[in-house]
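> You'll find entry.txt just under this line, and it carries compact mmCIF, C-alpha atoms.
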# COMPACT_ATOMS: atom_id res chain seq x y z
CA MET Q 6 82.60 66.23 84.48
CA LEU Q 7 82.46 65.21 80.81
CA ARG Q 8 85.33 63.00 79.66
CA ARG Q 9 86.43 64.29 76.26
CA ALA Q 10 89.54 63.01 74.53
CA LEU Q 11 91.42 64.49 71.58
CA VAL Q 12 92.60 62.19 68.77
CA VAL Q 13 94.92 63.57 66.07
CA ASP Q 14 95.93 61.34 63.14
CA ASP Q 15 96.17 62.33 59.49
CA GLU Q 16 94.59 58.99 58.50
CA ARG Q 17 90.82 59.21 58.86
CA GLY Q 18 90.44 55.45 59.29
CA GLU Q 19 92.78 55.46 62.31
CA CYS Q 20 90.89 58.41 63.83
CA ASP Q 21 87.54 56.67 63.43
CA PHE Q 22 88.86 53.40 64.91
CA ILE Q 23 90.34 55.09 68.00
CA GLN Q 24 87.19 57.19 68.40
CA ASP Q 25 85.05 54.03 68.43
CA VAL Q 26 87.26 52.35 71.04
CA LEU Q 27 87.15 55.42 73.26
CA ALA Q 28 83.37 55.53 72.95
CA ALA Q 29 83.25 51.95 74.23
CA THR Q 30 85.03 53.15 77.40
CA GLY Q 31 82.56 56.00 77.93
CA GLN Q 32 84.73 58.80 76.56
CA GLU Q 33 83.59 61.26 73.95
CA ALA Q 34 86.38 61.95 71.44
CA LEU Q 35 87.15 64.83 69.11
CA ALA Q 36 89.00 63.30 66.13
CA LEU Q 37 91.07 65.56 63.87
CA THR Q 38 93.15 64.91 60.77
CA ASN Q 39 94.40 68.51 60.51
CA THR Q 40 97.31 69.15 62.87
CA GLN Q 41 96.90 72.92 62.66
CA ASP Q 42 93.38 72.58 64.06
CA ALA Q 43 94.81 70.49 66.90
CA THR Q 44 97.03 73.35 68.08
CA ARG Q 45 94.01 75.62 68.41
CA TYR Q 46 91.98 73.07 70.35
CA LEU Q 47 94.89 72.32 72.70
CA ARG Q 48 95.15 76.03 73.49
CA ASN Q 49 91.44 76.56 74.15
CA GLU Q 50 90.07 73.33 75.62
CA LYS Q 51 90.99 70.99 78.46
CA PHE Q 52 90.94 67.29 77.45
CA SER Q 53 90.88 64.20 79.66
CA LEU Q 54 93.26 62.32 77.33
CA VAL Q 55 95.16 63.10 74.12
CA LEU Q 56 96.34 60.66 71.42
CA PHE Q 57 98.81 61.87 68.76
CA ASP Q 58 100.18 60.04 65.73
CA MET Q 59 103.93 60.67 65.58
CA GLY Q 60 104.31 60.61 61.78
CA MET Q 61 102.09 63.48 60.64
CA PRO Q 62 102.80 66.61 58.58
CA SER Q 63 104.16 69.51 60.62
CA PRO Q 64 103.36 69.96 63.41
CA ASP Q 65 103.75 66.21 63.98
CA GLY Q 66 102.80 64.30 67.10
CA LEU Q 67 106.05 65.11 68.88
CA GLU Q 68 105.71 68.84 68.24
CA LEU Q 69 102.07 68.79 69.36
CA THR Q 70 103.15 67.00 72.53
CA ARG Q 71 105.77 69.68 73.21
CA ARG Q 72 103.21 72.44 72.64
CA ALA Q 73 100.78 70.80 75.05
CA ARG Q 74 103.50 70.47 77.69
CA ASP Q 75 104.90 73.98 77.30
CA SER Q 76 101.95 75.74 78.93
CA GLY Q 77 98.19 76.03 79.08
CA LEU Q 78 95.26 73.81 79.91
CA ASN Q 79 96.79 70.48 78.79
CA GLN Q 80 100.19 70.85 80.40
CA ARG Q 81 99.62 67.72 82.51
CA THR Q 82 96.99 65.91 80.46
CA PRO Q 83 97.90 62.22 79.82
CA ILE Q 84 99.26 61.95 76.26
CA ILE Q 85 99.56 58.74 74.22
CA VAL Q 86 101.90 58.95 71.22
CA ILE Q 87 101.32 56.37 68.47
CA SER Q 88 103.91 55.42 65.85
CA ASP Q 89 104.58 52.88 63.09
CA ASP Q 90 108.33 53.33 63.74
CA GLN Q 91 109.23 50.06 65.47
CA SER Q 92 112.55 51.27 66.88
CA SER Q 93 113.15 51.91 70.56
CA ALA Q 94 114.41 55.35 69.56
CA ALA Q 95 110.85 56.32 68.56
CA ALA Q 96 109.59 55.68 72.07
CA THR Q 97 112.55 57.55 73.54
CA ARG Q 98 111.79 60.60 71.39
CA ALA Q 99 108.12 60.48 72.39
CA PHE Q 100 108.87 60.33 76.11
CA SER Q 101 111.49 63.08 75.77
CA ALA Q 102 108.82 65.30 74.17
CA GLY Q 103 106.52 64.73 77.14
CA ALA Q 104 104.42 61.67 76.24
CA SER Q 105 102.85 59.74 79.11
CA PHE Q 106 102.46 56.49 77.12
CA PHE Q 107 103.66 55.08 73.79
CA LEU Q 108 101.91 52.66 71.43
CA TYR Q 109 103.41 50.94 68.38
CA LYS Q 110 101.38 50.45 65.20
CA PRO Q 111 99.70 48.33 64.11
CA PHE Q 112 97.47 47.76 67.14
CA ASP Q 113 94.08 46.19 67.67
CA LYS Q 114 91.21 46.99 70.01
CA PRO Q 115 92.40 44.78 72.92
CA ARG Q 116 95.86 46.40 72.92
CA LEU Q 117 94.42 49.89 72.86
CA LEU Q 118 91.92 49.04 75.60
CA ARG Q 119 94.73 47.71 77.81
CA LEU Q 120 96.64 50.95 77.41
CA LEU Q 121 93.54 53.05 78.06
CA HIS Q 122 92.94 51.02 81.21
CA ALA Q 123 96.56 51.64 82.30
CA SER Q 124 96.06 55.38 81.78
CA GLU Q 125 92.92 55.56 83.96
CA GLY Q 126 94.83 56.46 87.11
CA ALA Q 127 96.51 59.43 85.43
CA ILE Q 128 93.22 60.52 83.85
CA GLU Q 129 91.34 60.37 87.16
CA HIS Q 130 94.09 62.30 88.93
CA GLU Q 131 93.91 65.02 86.29
CA ARG Q 132 90.11 65.11 86.45
CA ARG Q 133 90.24 65.70 90.20
CA ARG Q 134 92.83 68.44 89.69
CA PHE Q 135 90.57 70.23 87.22
CA ARG Q 136 87.22 69.44 88.87
CA ARG Q 137 85.54 72.76 89.59
CA VAL Q 138 83.85 73.22 92.94
CA PRO Q 139 81.23 76.00 93.14
CA LEU Q 140 82.65 78.26 95.83
CA ARG Q 141 82.05 81.90 96.77
CA SER Q 142 85.23 83.22 98.36
CA LYS Q 143 86.79 86.65 98.54
CA VAL Q 144 89.99 87.09 96.54
CA LYS Q 145 92.35 90.03 96.16
CA LEU Q 146 94.12 90.29 92.81
CA GLY Q 147 96.98 92.50 91.73
CA PHE Q 148 98.58 93.42 88.43
CA GLY Q 149 101.41 95.95 88.45
CA ALA Q 150 100.41 98.84 90.69
CA LYS Q 151 96.71 97.96 90.45
CA GLU Q 152 94.85 95.89 93.08
CA TRP Q 153 91.19 94.95 93.24
CA LEU Q 154 88.80 92.70 95.14
CA GLY Q 155 86.77 89.95 93.53
CA GLU Q 156 84.79 86.84 94.34
CA THR Q 157 85.40 83.30 93.10
CA ILE Q 158 82.64 81.57 91.16
CA ASP Q 159 84.32 78.18 91.22
CA VAL Q 160 87.71 76.86 92.33
CA SER Q 161 89.78 73.80 91.38
CA LEU Q 162 93.20 72.55 92.45
CA ASP Q 163 94.53 74.15 89.29
CA GLY Q 164 92.64 77.43 89.00
CA MET Q 165 89.57 79.53 89.58
CA GLN Q 166 86.98 81.67 87.86
CA VAL Q 167 86.74 85.15 89.41
CA LYS Q 168 84.17 87.91 89.14
CA GLY Q 169 85.38 91.42 89.91
CA ALA Q 170 85.41 95.07 88.93
CA GLU Q 171 88.60 94.72 86.87
CA THR Q 172 89.98 92.39 84.20
CA VAL Q 173 93.40 92.07 82.59
CA ALA Q 174 94.46 90.50 79.32
CA ALA Q 175 94.92 86.76 78.87
CA GLY Q 176 98.53 85.83 79.55
CA SER Q 177 98.93 88.36 82.36
CA ILE Q 178 100.52 87.21 85.63
CA VAL Q 179 98.50 88.36 88.64
CA SER Q 180 99.12 88.19 92.37
CA VAL Q 181 96.49 86.20 94.25
CA SER Q 182 95.33 86.33 97.87
CA LEU Q 183 92.47 83.83 98.22
CA LEU Q 184 90.43 83.78 101.44
CA LEU Q 185 88.87 80.33 101.51
CA SER Q 186 87.57 80.67 105.06
CA PRO Q 187 87.56 83.42 107.73
CA SER Q 188 89.34 80.98 110.05
CA LEU Q 189 92.23 80.35 107.63
CA ARG Q 190 94.97 82.67 106.43
CA PRO Q 191 94.68 83.43 102.72
CA ILE Q 192 96.31 81.32 100.01
CA GLU Q 193 99.04 83.60 98.64
CA GLY Q 194 100.81 83.34 95.31
CA HIS Q 195 100.60 84.15 91.61
CA GLY Q 196 98.60 82.84 88.68
CA SER Q 197 98.21 83.26 84.94
CA VAL Q 198 95.08 84.70 83.36
CA VAL Q 199 94.09 82.06 80.80
CA ARG Q 200 90.68 83.42 79.79
CA VAL Q 201 88.76 86.69 79.81
CA LEU Q 202 85.19 85.43 80.01
CA SER Q 203 83.37 88.78 80.09
CA ASP Q 204 83.84 92.37 81.20
CA ASP Q 205 83.93 91.28 84.83
CA ARG Q 206 85.03 87.61 84.77
CA ILE Q 207 88.41 85.99 84.23
CA GLY Q 208 89.80 82.47 84.47
CA ILE Q 209 93.08 82.15 86.40
CA GLN Q 210 95.43 79.17 86.37
CA LEU Q 211 97.12 78.79 89.76
CA ASN Q 212 100.43 77.65 88.32
CA GLN Q 213 102.74 79.75 90.49
CA LEU Q 214 101.95 78.68 94.05
CA THR Q 215 104.60 77.38 96.42
CA LEU Q 216 104.41 73.73 97.48
CA GLU Q 217 103.16 74.84 100.90
CA GLU Q 218 100.35 76.96 99.47
CA SER Q 219 99.40 74.23 96.96
CA ALA Q 220 99.19 71.74 99.83
CA ARG Q 221 96.96 74.09 101.84
CA LEU Q 222 94.66 74.57 98.84
CA GLN Q 223 94.51 70.82 98.30
CA GLU Q 224 93.73 70.15 101.96
CA PHE Q 225 90.76 72.51 101.80
CA LEU Q 226 89.42 71.49 98.38
CA LEU Q 227 89.82 67.70 98.25
CA PRO Q 228 86.85 66.90 100.54
CA LEU Q 229 84.69 69.22 98.42
CA ILE Q 230 86.02 67.69 95.18
CA PHE Q 231 85.24 64.14 96.31
CA ARG Q 232 81.78 65.22 97.47
CA GLU Q 233 81.14 66.86 94.09
CA GLY Q 234 82.34 63.72 92.30
CA GLN Q 235 79.96 61.56 94.34
CA ARG Q 236 77.11 63.93 93.51
CA GLU Q 237 77.86 63.73 89.78
CA GLN Q 238 78.07 59.93 89.96
CA ALA Q 239 74.70 59.78 91.72
CA LEU Q 240 73.14 61.94 89.00
CA ARG Q 241 74.43 59.52 86.35
CA LEU Q 242 72.86 56.49 88.01
CA PRO Q 243 69.59 55.27 86.46
CA GLN Q 244 66.53 56.41 88.35
CA ILE Q 245 64.30 53.61 89.63
CA ALA Q 246 60.61 54.39 89.63
Please lay out the structure from this file as structure tokens.

Amino acid sequence: MLRRALVVDDERGECDFIQDVLAATGQEALALTNTQDATRYLRNEKFSLVLFDMGMPSPDGLELTRRARDSGLNQRTPIIVISDDQSSAAATRAFSAGASFFLYKPFDKPRLLRLLHASEGAIEHERRRFRRVPLRSKVKLGFGAKEWLGETIDVSLDGMQVKGAETVAAGSIVSVSLLLSPSLRPIEGHGSVVRVLSDDRIGIQLNQLTLEESARLQEFLLPLIFREGQREQALRLPQIA
């Protein structure tokens, strides 16, 4: 899975510096100076890590953090808020908005690298949660009085892509009955349609499962997720002739 970070700072020099440091850690970075563009990317793309400058024109880093946390793909993405406000109140405001980490300006490469290293655990946890496992399983979906059968294309701890005879609009809440194996009772709950990919494919975020159903899904998927991660790592290793 590609590691792609989002950097938002209205100073181009800061964006370029952070982008270079991230590249040194093996992460591709999308660097933006326009905060309005950032809102659109947060809504449409899942990032491995997000870095916001606090003191930007509206929406500033705190507002962008709140928007990321409210809903959508980056609800639990690790977020680093950066500020030249040296007061402890600045950090308090950042954490209250939903920041995972806080970094005072000015900072140099070693300080940023230390923080990125500290965030690795959270990043890896989120990558596992969103890692898609190719899986063909029957799933029954419902919206209002309508029910239909579909088949998963891939499944993660957080959601699934489904092919079926029906689609509903993005934002719709659908009932889900996912049959992972004939020997197991279905995973039952609700999810949000986050994407309509084609006339017969939708992306569903499984954000309304009970703790019990989430645990059952995790128990089934984690061995497959780790196996898929090992396969990806093997593909990245240099081939020896």
> Which one is closest to Q:Val138: Q:Asp14, Q:Asp58, Q:Asp159, Q:Glu50? Count all atoms listed in the file.
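Going through Q:Asp14, Q:Asp58, Q:Asp159, Q:Glu50 one by one, the smallest distance to Q:Val138 is for Q:Asp159.
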> At a cut-off of 8 Å around the point (88.4, 72.2, 67.2) (file coordinates), what residues fall inside when counting all atoms listed in the file? I'd like the answer as an MDAnalysis selection string.
chainID Q and resid 35 37 42:43 45:46
> Check the smallest atom-to-atom distance from each of Q:Asp205, Q:Ser197, Q:Lys145, Q:Ile84 to Q:Ala170 using only C-alpha atoms, then report the winner.
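Among the listed residues, the smallest separation from Q:Ala170 belongs to Q:Asp205.
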> Which distance in Å separates atom CA of Q:Glu33 and atom CA of Q:Leu226, to one decimal?
27.1 Å
> Find the distance between atom CA of Q:Ser105 and atom CA of Q:Arg81 and write it in Å to one decimal.
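Going from atom CA of Q:Ser105 over to atom CA of Q:Arg81 covers 9.3 Å.
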> Between Q:Ser186, Q:Ile178, Q:Ser93, Q:Ala123, which has the minimum distance to Q:Gln213 (counting only C-alpha atoms)?
Q:Ile178
> Using only C-alpha atoms, which residue out of Q:Leu69, Q:Ile85, Q:Ala99, Q:Ala34 lies closest to Q:Leu121?
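Selected residue with least distance to Q:Leu121: Q:Ile85.
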> Generate the missing atoms of stretch 151-185 of chain Q up to N, CA and C atoms and report them as an mmCIF file, in the frame of the given file.

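File produced: result10.cif:
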data_model
loop_
_atom_site.group_PDB
_atom_site.id
_atom_site.type_symbol
_atom_site.label_atom_id
_atom_site.label_comp_id
_atom_site.auth_asym_id
_atom_site.auth_seq_id
_atom_site.Cartn_x
_atom_site.Cartn_y
_atom_site.Cartn_z
ATOM 1 N N LYS Q 151 98.170 98.006 90.268
ATOM 2 C CA LYS Q 151 96.710 97.960 90.450
ATOM 3 C C LYS Q 151 96.321 96.763 91.303
ATOM 4 N N GLU Q 152 95.421 96.956 92.256
ATOM 5 C CA GLU Q 152 94.850 95.890 93.080
ATOM 6 C C GLU Q 152 93.343 96.028 93.107
ATOM 7 N N TRP Q 153 92.639 94.906 93.149
ATOM 8 C CA TRP Q 153 91.190 94.950 93.240
ATOM 9 C C TRP Q 153 90.662 93.692 93.913
ATOM 10 N N LEU Q 154 89.458 93.805 94.464
ATOM 11 C CA LEU Q 154 88.800 92.700 95.140
ATOM 12 C C LEU Q 154 87.824 92.016 94.193
ATOM 13 N N GLY Q 155 87.725 90.718 94.313
ATOM 14 C CA GLY Q 155 86.770 89.950 93.530
ATOM 15 C C GLY Q 155 86.209 88.815 94.347
ATOM 16 N N GLU Q 156 85.409 88.000 93.696
ATOM 17 C CA GLU Q 156 84.790 86.840 94.340
ATOM 18 C C GLU Q 156 84.905 85.654 93.397
ATOM 19 N N THR Q 157 85.309 84.500 93.932
ATOM 20 C CA THR Q 157 85.400 83.300 93.100
ATOM 21 C C THR Q 157 83.997 82.796 92.766
ATOM 22 N N ILE Q 158 83.867 82.254 91.575
ATOM 23 C CA ILE Q 158 82.640 81.570 91.160
ATOM 24 C C ILE Q 158 82.808 80.071 91.336
ATOM 25 N N ASP Q 159 83.965 79.571 90.938
ATOM 26 C CA ASP Q 159 84.320 78.180 91.220
ATOM 27 C C ASP Q 159 85.840 78.102 91.360
ATOM 28 N N VAL Q 160 86.292 77.037 92.049
ATOM 29 C CA VAL Q 160 87.710 76.860 92.330
ATOM 30 C C VAL Q 160 88.063 75.396 92.096
ATOM 31 N N SER Q 161 89.244 75.154 91.510
ATOM 32 C CA SER Q 161 89.780 73.800 91.380
ATOM 33 C C SER Q 161 91.185 73.785 91.953
ATOM 34 N N LEU Q 162 91.822 72.622 91.993
ATOM 35 C CA LEU Q 162 93.200 72.550 92.450
ATOM 36 C C LEU Q 162 94.139 73.289 91.508
ATOM 37 N N ASP Q 163 93.674 73.545 90.314
ATOM 38 C CA ASP Q 163 94.530 74.150 89.290
ATOM 39 C C ASP Q 163 94.195 75.611 88.997
ATOM 40 N N GLY Q 164 92.994 76.067 89.371
ATOM 41 C CA GLY Q 164 92.640 77.430 89.000
ATOM 42 C C GLY Q 164 91.302 77.860 89.558
ATOM 43 N N MET Q 165 90.835 79.002 89.088
ATOM 44 C CA MET Q 165 89.570 79.530 89.580
ATOM 45 C C MET Q 165 88.992 80.519 88.572
ATOM 46 N N GLN Q 166 87.686 80.652 88.633
ATOM 47 C CA GLN Q 166 86.980 81.670 87.860
ATOM 48 C C GLN Q 166 86.587 82.775 88.838
ATOM 49 N N VAL Q 167 86.913 84.021 88.486
ATOM 50 C CA VAL Q 167 86.740 85.150 89.410
ATOM 51 C C VAL Q 167 85.887 86.218 88.760
ATOM 52 N N LYS Q 168 84.963 86.763 89.556
ATOM 53 C CA LYS Q 168 84.170 87.910 89.140
ATOM 54 C C LYS Q 168 84.640 89.123 89.935
ATOM 55 N N GLY Q 169 84.914 90.224 89.219
ATOM 56 C CA GLY Q 169 85.380 91.420 89.910
ATOM 57 C C GLY Q 169 85.214 92.661 89.060
ATOM 58 N N ALA Q 170 85.599 93.789 89.617
ATOM 59 C CA ALA Q 170 85.410 95.070 88.930
ATOM 60 C C ALA Q 170 86.427 95.289 87.827
ATOM 61 N N GLU Q 171 87.532 94.520 87.840
ATOM 62 C CA GLU Q 171 88.600 94.720 86.870
ATOM 63 C C GLU Q 171 88.884 93.414 86.133
ATOM 64 N N THR Q 172 89.433 93.529 84.921
ATOM 65 C CA THR Q 172 89.980 92.390 84.200
ATOM 66 C C THR Q 172 91.321 92.800 83.607
ATOM 67 N N VAL Q 173 92.146 91.820 83.303
ATOM 68 C CA VAL Q 173 93.400 92.070 82.590
ATOM 69 C C VAL Q 173 93.492 91.074 81.446
ATOM 70 N N ALA Q 174 94.382 91.311 80.528
ATOM 71 C CA ALA Q 174 94.460 90.500 79.320
ATOM 72 C C ALA Q 174 94.918 89.079 79.615
ATOM 73 N N ALA Q 175 94.455 88.142 78.781
ATOM 74 C CA ALA Q 175 94.920 86.760 78.870
ATOM 75 C C ALA Q 175 96.439 86.729 78.719
ATOM 76 N N GLY Q 176 97.075 85.896 79.536
ATOM 77 C CA GLY Q 176 98.530 85.830 79.550
ATOM 78 C C GLY Q 176 99.167 86.644 80.650
ATOM 79 N N SER Q 177 98.396 87.524 81.274
ATOM 80 C CA SER Q 177 98.930 88.360 82.360
ATOM 81 C C SER Q 177 99.184 87.512 83.608
ATOM 82 N N ILE Q 178 100.235 87.838 84.347
ATOM 83 C CA ILE Q 178 100.520 87.210 85.630
ATOM 84 C C ILE Q 178 99.977 88.124 86.728
ATOM 85 N N VAL Q 179 99.113 87.568 87.579
ATOM 86 C CA VAL Q 179 98.500 88.360 88.640
ATOM 87 C C VAL Q 179 98.863 87.779 89.998
ATOM 88 N N SER Q 180 98.969 88.659 90.991
ATOM 89 C CA SER Q 180 99.120 88.190 92.370
ATOM 90 C C SER Q 180 97.745 87.785 92.887
ATOM 91 N N VAL Q 181 97.740 86.774 93.749
ATOM 92 C CA VAL Q 181 96.490 86.200 94.250
ATOM 93 C C VAL Q 181 96.555 86.087 95.763
ATOM 94 N N SER Q 182 95.495 86.553 96.440
ATOM 95 C CA SER Q 182 95.330 86.330 97.870
ATOM 96 C C SER Q 182 93.902 85.820 98.064
ATOM 97 N N LEU Q 183 93.775 84.509 98.220
ATOM 98 C CA LEU Q 183 92.470 83.830 98.220
ATOM 99 C C LEU Q 183 92.064 83.471 99.636
ATOM 100 N N LEU Q 184 90.938 84.045 100.092
ATOM 101 C CA LEU Q 184 90.430 83.780 101.440
ATOM 102 C C LEU Q 184 89.376 82.690 101.361
ATOM 103 N N LEU Q 185 89.794 81.456 101.601
ATOM 104 C CA LEU Q 185 88.870 80.330 101.510
ATOM 105 C C LEU Q 185 87.925 80.259 102.700
#
